[in-house]
Amino acid sequence: MSSRKFDLSEFDLDDPRLPGEIAERALNSGNYPYDERMKFKHYERELIRLQVELVKLLSSLAADGQRLVIVFEGRDAAGKGGTIRVVREYLNPRQARIVALPKPTEKERGEWYFQRYVSQMPTSGEMVLFDRSWYNRGVVEPVMGFWTAEETTRFLGEAPDFERMLVRDGIHLFKLWLTIGRETQLKRFHDRRHDPLKVWKISPVDRQAIHRFDEFTEAADRMIAKTHSEHAPWIVVRANDKRRARINVIRHVLVSIDYAGKDASAIEAPDPQILGFGPDFLQSAG
């Protein structure tokens with residue numbers, strides 16, 4: 001997983017001017033396979049069809065008492081929040097719940113690491129969307145020095161066992177890793193910094209991520225290699241184009257589950273250039 005490096009001495013997040021080299025490289029960075037973004041009209045038409053199917057899926061889960069968990073992970077600014085938003089947009093909020101946990105409390109720090117996530121698992125007929133998850137311990141925490149290498153190694157060994165318990169108990173589990181190129185990330189950080197409606201999204205960790213892109217790459221590569229499993233595979237999504245990423249995430253979920261009233265003709269197979277599985281696809285995604 002690599003990306004052509006931009007000279008960071010030329011980049012100042014607080015400067016309102018975005019370097020032209022970043023803007024030019026953004027879409028194609030990280031070996032992205034398309035030269036143009038998905039046209040908005042095409043995206044809107046496709047999204048509505050898929051959202052109708054999501055409503056059917058949730059109704060079927062409720063009728064059958066099934067449970068669904070979708071874990072959204074990825075690089076900072078990869079589009080996790082926006083993807084979650086379009087997935088949940090027309091779903092019953094009593095049955096489709098977003099979980100975005102703050103940092104652990106003092107009490108939670110003294111508990112089993114997975115305990116705070118277990119308490120958020122869906123009940124019968126419910127869908128839970130994790131905006132970041134237990135995998136904070138796999139990438140962000142070790143890169144930022146919040147957790148030791150030994151503790152991270154132990155987590156990477158325990159996570160597949162934890163997920164095996166969830167799946168054995170009947171939960172439909174999807175783990176999504178959204179990946180973007182270096183220049184795409186820089187452009188999105190810059191856009192956030194200078195948008196008064198989004199500036200709150202810029203955190204100290206984001207500023208660190210600018211200079212630790214390669215460290216985050218190494219940590220993500222290791223995490224996905226260690227925790228990709230048959231019972232809980234990693235689904236890797238190339239997300240330089242947010243529209244294509246969102247469409248293909250929803251397609252994958254819908255084609256993977258049988259539900260009442262499913263209209264297969266409304267759901268195309270995911271684009272294999274945008275969505276794939278595990279460490280091999282992550283490496284090809286740059």
# chains A, B, ... in the order shown; residues from 1 in each chain; ligands from 1
>>> select_by_dssp(residues="segment 132-272 of chain A", states="strand (DSSP E or B)", output="ChimeraX atom specification")
/A:171-179,234-238
>>> write_last_selection(atoms="N, CA and C atoms", output="short mmCIF file (atom, residue, chain, number, x, y, z; two decimals), in the first residue's frame")
data_model
loop_
_atom_site.label_atom_id
_atom_site.label_comp_id
_atom_site.auth_asym_id
_atom_site.auth_seq_id
_atom_site.Cartn_x
_atom_site.Cartn_y
_atom_site.Cartn_z
N ILE A 171 -25.06 -12.66 14.20
CA ILE A 171 -24.96 -11.28 13.71
C ILE A 171 -24.36 -11.28 12.30
N HIS A 172 -24.98 -10.54 11.38
CA HIS A 172 -24.38 -10.27 10.08
C HIS A 172 -23.34 -9.18 10.30
N LEU A 173 -22.07 -9.47 10.02
CA LEU A 173 -20.99 -8.53 10.32
C LEU A 173 -20.26 -8.15 9.04
N PHE A 174 -20.17 -6.84 8.79
CA PHE A 174 -19.41 -6.31 7.66
C PHE A 174 -18.35 -5.37 8.20
N LYS A 175 -17.10 -5.56 7.76
CA LYS A 175 -16.00 -4.68 8.16
C LYS A 175 -15.49 -3.96 6.90
N LEU A 176 -15.63 -2.65 6.90
CA LEU A 176 -15.26 -1.85 5.73
C LEU A 176 -14.03 -1.00 6.04
N TRP A 177 -13.04 -1.05 5.15
CA TRP A 177 -11.88 -0.16 5.26
C TRP A 177 -11.88 0.74 4.04
N LEU A 178 -12.10 2.04 4.26
CA LEU A 178 -12.08 3.02 3.17
C LEU A 178 -10.67 3.59 3.05
N THR A 179 -10.12 3.48 1.87
CA THR A 179 -8.75 3.94 1.65
C THR A 179 -8.72 5.05 0.60
N TRP A 234 -12.22 -8.45 5.71
CA TRP A 234 -12.15 -7.01 5.47
C TRP A 234 -12.57 -6.71 4.04
N ILE A 235 -13.47 -5.74 3.90
CA ILE A 235 -13.90 -5.26 2.59
C ILE A 235 -13.20 -3.92 2.38
N VAL A 236 -12.31 -3.85 1.41
CA VAL A 236 -11.52 -2.65 1.15
C VAL A 236 -12.19 -1.85 0.03
N VAL A 237 -12.36 -0.55 0.26
CA VAL A 237 -13.07 0.31 -0.69
C VAL A 237 -12.17 1.47 -1.09
N ARG A 238 -11.89 1.59 -2.37
CA ARG A 238 -11.15 2.76 -2.87
C ARG A 238 -12.11 3.95 -2.87
#
>>> closest_atom_pairs(of="segment 15-133 of chain A", to="segment 203-224 of chain A", cutoff="10 Å", atoms="only C-alpha atoms", output="CSV")
residue,atom,partner,partner_atom,distance
A:Gly74,CA,A:Ala220,CA,8.4
A:Arg75,CA,A:Phe216,CA,7.9
A:Asp76,CA,A:Asp206,CA,6.6
A:Ala77,CA,A:Asp206,CA,8.5
>>> write_last_selection(atoms="N, CA and C atoms", output="PDB file, in the first residue's frame")
ATOM      1  N   GLY A  74     -11.134   3.322   8.317  1.00  0.00           N
ATOM      2  CA  GLY A  74     -10.387   3.849   7.178  1.00  0.00           C
ATOM      3  C   GLY A  74      -9.527   5.021   7.575  1.00  0.00           C
ATOM      4  N   ARG A  75      -8.832   5.533   6.611  1.00  0.00           N
ATOM      5  CA  ARG A  75      -7.984   6.700   6.851  1.00  0.00           C
ATOM      6  C   ARG A  75      -8.836   7.898   7.269  1.00  0.00           C
ATOM      7  N   ASP A  76      -8.214   8.836   7.983  1.00  0.00           N
ATOM      8  CA  ASP A  76      -8.885  10.087   8.284  1.00  0.00           C
ATOM      9  C   ASP A  76      -9.249  10.773   6.970  1.00  0.00           C
ATOM     10  N   ALA A  77     -10.479  11.287   6.903  1.00  0.00           N
ATOM     11  CA  ALA A  77     -11.028  11.980   5.728  1.00  0.00           C
ATOM     12  C   ALA A  77     -11.354  11.045   4.575  1.00  0.00           C
TER      13      ALA A  77
END
>>> select_by_dssp(residues="segment 81-281 of chain A", states="helix (DSSP H, G or I)", output="number ranges by chain")
A: 81-88, 106-109, 115-118, 134-137, 140-143, 149-168, 182-193, 199-201, 204-211, 213-227, 242-256, 264-266, 278-281
>>> write_last_selection(atoms="C-alpha atoms", output="short mmCIF file (atom, residue, chain, number, x, y, z; two decimals), in the first residue's frame")
data_model
loop_
_atom_site.label_atom_id
_atom_site.label_comp_id
_atom_site.auth_asym_id
_atom_site.auth_seq_id
_atom_site.Cartn_x
_atom_site.Cartn_y
_atom_site.Cartn_z
CA GLY A 81 -19.29 9.72 7.96
CA GLY A 82 -20.75 10.57 4.56
CA THR A 83 -21.15 6.91 3.65
CA ILE A 84 -22.89 6.20 6.95
CA ARG A 85 -25.19 9.15 6.31
CA VAL A 86 -26.43 7.88 2.93
CA VAL A 87 -26.84 4.33 4.24
CA ARG A 88 -29.05 5.48 7.11
CA GLU A 106 -11.82 6.08 33.51
CA LYS A 107 -14.22 3.23 34.30
CA GLU A 108 -14.09 1.88 30.74
CA ARG A 109 -10.30 1.95 30.73
CA GLN A 115 -16.77 -4.47 26.67
CA ARG A 116 -17.88 -0.97 25.62
CA TYR A 117 -18.50 -2.29 22.09
CA VAL A 118 -20.39 -5.38 23.25
CA TRP A 134 -12.65 -1.59 18.33
CA TYR A 135 -10.14 -1.20 15.50
CA ASN A 136 -8.98 2.12 16.93
CA ARG A 137 -6.52 -0.10 18.76
CA VAL A 140 -4.77 5.12 15.39
CA GLU A 141 -3.74 4.24 18.94
CA PRO A 142 -0.40 2.57 18.15
CA VAL A 143 0.60 5.20 15.56
CA ALA A 149 3.39 -2.58 20.47
CA GLU A 150 2.84 -5.53 22.82
CA GLU A 151 -0.73 -4.45 23.60
CA THR A 152 -1.46 -3.90 19.92
CA THR A 153 -0.16 -7.36 19.04
CA ARG A 154 -2.41 -8.88 21.68
CA PHE A 155 -5.41 -6.98 20.28
CA LEU A 156 -4.71 -8.17 16.73
CA GLY A 157 -4.76 -11.75 17.99
CA GLU A 158 -7.97 -11.30 19.98
CA ALA A 159 -10.07 -9.39 17.43
CA PRO A 160 -10.76 -12.40 15.13
CA ASP A 161 -11.88 -14.45 18.15
CA PHE A 162 -14.18 -11.65 19.30
CA GLU A 163 -15.71 -11.40 15.82
CA ARG A 164 -16.12 -15.17 15.60
CA MET A 165 -18.33 -15.00 18.69
CA LEU A 166 -20.47 -12.28 17.10
CA VAL A 167 -20.93 -14.21 13.86
CA ARG A 168 -21.63 -17.51 15.65
CA ARG A 182 -2.18 10.90 0.00
CA GLU A 183 -3.15 13.88 -2.15
CA THR A 184 -6.84 13.11 -1.75
CA GLN A 185 -6.42 13.18 2.02
CA LEU A 186 -4.49 16.46 1.92
CA LYS A 187 -7.15 18.10 -0.26
CA ARG A 188 -9.97 16.94 2.01
CA PHE A 189 -8.17 18.16 5.13
CA HIS A 190 -7.64 21.52 3.43
CA ASP A 191 -11.29 21.72 2.36
CA ARG A 192 -12.40 21.01 5.93
CA ARG A 193 -10.03 23.55 7.44
CA VAL A 199 -13.75 23.06 10.38
CA TRP A 200 -14.80 21.28 13.60
CA LYS A 201 -13.80 18.00 11.93
CA PRO A 204 -4.93 17.27 16.39
CA VAL A 205 -4.84 13.64 15.17
CA ASP A 206 -5.70 14.85 11.65
CA ARG A 207 -2.79 17.27 11.72
CA GLN A 208 -0.51 14.46 12.85
CA ALA A 209 -1.89 12.20 10.10
CA ILE A 210 -0.57 14.61 7.47
CA HIS A 211 2.99 13.86 8.52
CA PHE A 213 0.81 8.94 6.30
CA ASP A 214 3.37 6.17 5.87
CA GLU A 215 3.09 5.10 9.52
CA PHE A 216 -0.68 4.85 9.18
CA THR A 217 -0.15 2.85 5.98
CA GLU A 218 2.11 0.33 7.72
CA ALA A 219 -0.28 0.00 10.68
CA ALA A 220 -3.31 -0.51 8.41
CA ASP A 221 -1.47 -3.10 6.31
CA ARG A 222 -0.54 -5.05 9.42
CA MET A 223 -3.99 -4.80 10.99
CA ILE A 224 -5.86 -6.00 7.92
CA ALA A 225 -3.39 -8.83 7.30
CA LYS A 226 -3.78 -10.04 10.91
CA THR A 227 -7.55 -9.65 11.26
CA LYS A 242 -16.97 9.43 -2.57
CA ARG A 243 -19.88 8.71 -4.89
CA ARG A 244 -18.46 5.48 -6.26
CA ALA A 245 -17.41 4.42 -2.76
CA ARG A 246 -20.90 4.91 -1.31
CA ILE A 247 -22.65 3.14 -4.16
CA ASN A 248 -20.37 0.13 -3.98
CA VAL A 249 -20.57 -0.18 -0.20
CA ILE A 250 -24.35 -0.35 -0.35
CA ARG A 251 -24.27 -2.76 -3.28
CA HIS A 252 -22.02 -5.12 -1.35
CA VAL A 253 -24.25 -5.20 1.72
CA LEU A 254 -27.38 -5.76 -0.36
CA VAL A 255 -25.99 -8.55 -2.53
CA SER A 256 -24.64 -10.33 0.57
CA ALA A 264 -32.01 -8.12 -7.72
CA SER A 265 -32.37 -6.12 -10.95
CA ALA A 266 -31.95 -2.89 -8.94
CA GLY A 278 -8.34 -8.26 2.35
CA PRO A 279 -4.66 -7.40 2.25
CA ASP A 280 -4.12 -8.23 -1.44
CA PHE A 281 -6.69 -5.70 -2.61
#
>>> closest_residue(among="A:Phe11, A:Pro16, A:Leu57, A:Asp35", to="Ala260 of chain A", atoms="only C-alpha atoms")
A:Leu57
>>> residues_around(residues="Lys56 of chain A", least_positions_apart="3", cutoff="10 Å", atoms="only C-alpha atoms", output="PyMOL selection string")
chain A and resi 50-53+59-62+91+254+259-263
>>> write_last_selection(atoms="N, CA and C atoms", output="PDB file, in the first residue's frame")
ATOM      1  N   LEU A  50     -30.881   2.043  -4.596  1.00  0.00           N
ATOM      2  CA  LEU A  50     -30.254   1.249  -3.537  1.00  0.00           C
ATOM      3  C   LEU A  50     -30.837   1.575  -2.163  1.00  0.00           C
ATOM      4  N   GLN A  51     -31.172   2.830  -1.934  1.00  0.00           N
ATOM      5  CA  GLN A  51     -31.766   3.198  -0.648  1.00  0.00           C
ATOM      6  C   GLN A  51     -33.144   2.572  -0.466  1.00  0.00           C
ATOM      7  N   VAL A  52     -33.887   2.417  -1.556  1.00  0.00           N
ATOM      8  CA  VAL A  52     -35.163   1.700  -1.483  1.00  0.00           C
ATOM      9  C   VAL A  52     -34.925   0.265  -1.014  1.00  0.00           C
ATOM     10  N   GLU A  53     -33.875  -0.361  -1.550  1.00  0.00           N
ATOM     11  CA  GLU A  53     -33.556  -1.731  -1.148  1.00  0.00           C
ATOM     12  C   GLU A  53     -33.093  -1.797   0.309  1.00  0.00           C
ATOM     13  N   SER A  59     -36.586  -3.619   7.019  1.00  0.00           N
ATOM     14  CA  SER A  59     -37.913  -4.160   7.352  1.00  0.00           C
ATOM     15  C   SER A  59     -37.860  -5.681   7.496  1.00  0.00           C
ATOM     16  N   SER A  60     -37.091  -6.318   6.627  1.00  0.00           N
ATOM     17  CA  SER A  60     -36.955  -7.765   6.685  1.00  0.00           C
ATOM     18  C   SER A  60     -36.194  -8.193   7.932  1.00  0.00           C
ATOM     19  N   LEU A  61     -35.157  -7.449   8.298  1.00  0.00           N
ATOM     20  CA  LEU A  61     -34.421  -7.753   9.533  1.00  0.00           C
ATOM     21  C   LEU A  61     -35.351  -7.679  10.738  1.00  0.00           C
ATOM     22  N   ALA A  62     -36.197  -6.641  10.751  1.00  0.00           N
ATOM     23  CA  ALA A  62     -37.111  -6.468  11.868  1.00  0.00           C
ATOM     24  C   ALA A  62     -38.123  -7.609  11.930  1.00  0.00           C
ATOM     25  N   LEU A  91     -33.731   5.255   6.681  1.00  0.00           N
ATOM     26  CA  LEU A  91     -34.041   4.122   7.549  1.00  0.00           C
ATOM     27  C   LEU A  91     -34.674   4.593   8.858  1.00  0.00           C
ATOM     28  N   LEU A 254     -26.117  -5.248   0.164  1.00  0.00           N
ATOM     29  CA  LEU A 254     -27.382  -5.758  -0.363  1.00  0.00           C
ATOM     30  C   LEU A 254     -27.223  -7.103  -1.074  1.00  0.00           C
ATOM     31  N   TYR A 259     -33.236 -11.000   1.671  1.00  0.00           N
ATOM     32  CA  TYR A 259     -34.282 -10.306   2.427  1.00  0.00           C
ATOM     33  C   TYR A 259     -35.562 -10.269   1.607  1.00  0.00           C
ATOM     34  N   ALA A 260     -36.674 -10.101   2.297  1.00  0.00           N
ATOM     35  CA  ALA A 260     -37.986 -10.129   1.656  1.00  0.00           C
ATOM     36  C   ALA A 260     -38.144  -8.964   0.683  1.00  0.00           C
ATOM     37  N   GLY A 261     -38.677  -9.255  -0.508  1.00  0.00           N
ATOM     38  CA  GLY A 261     -38.945  -8.214  -1.488  1.00  0.00           C
ATOM     39  C   GLY A 261     -37.742  -7.737  -2.271  1.00  0.00           C
ATOM     40  N   LYS A 262     -36.636  -8.463  -2.160  1.00  0.00           N
ATOM     41  CA  LYS A 262     -35.397  -8.036  -2.817  1.00  0.00           C
ATOM     42  C   LYS A 262     -35.576  -7.967  -4.329  1.00  0.00           C
ATOM     43  N   ASP A 263     -35.178  -6.826  -4.918  1.00  0.00           N
ATOM     44  CA  ASP A 263     -35.220  -6.636  -6.369  1.00  0.00           C
ATOM     45  C   ASP A 263     -33.785  -6.715  -6.889  1.00  0.00           C
TER      46      ASP A 263
END
>>> closest_residue(among="A:Ala269, A:Leu18, A:Leu197, A:Ile70", to="Leu129 of chain A", atoms="only C-alpha atoms")
A:Ile70
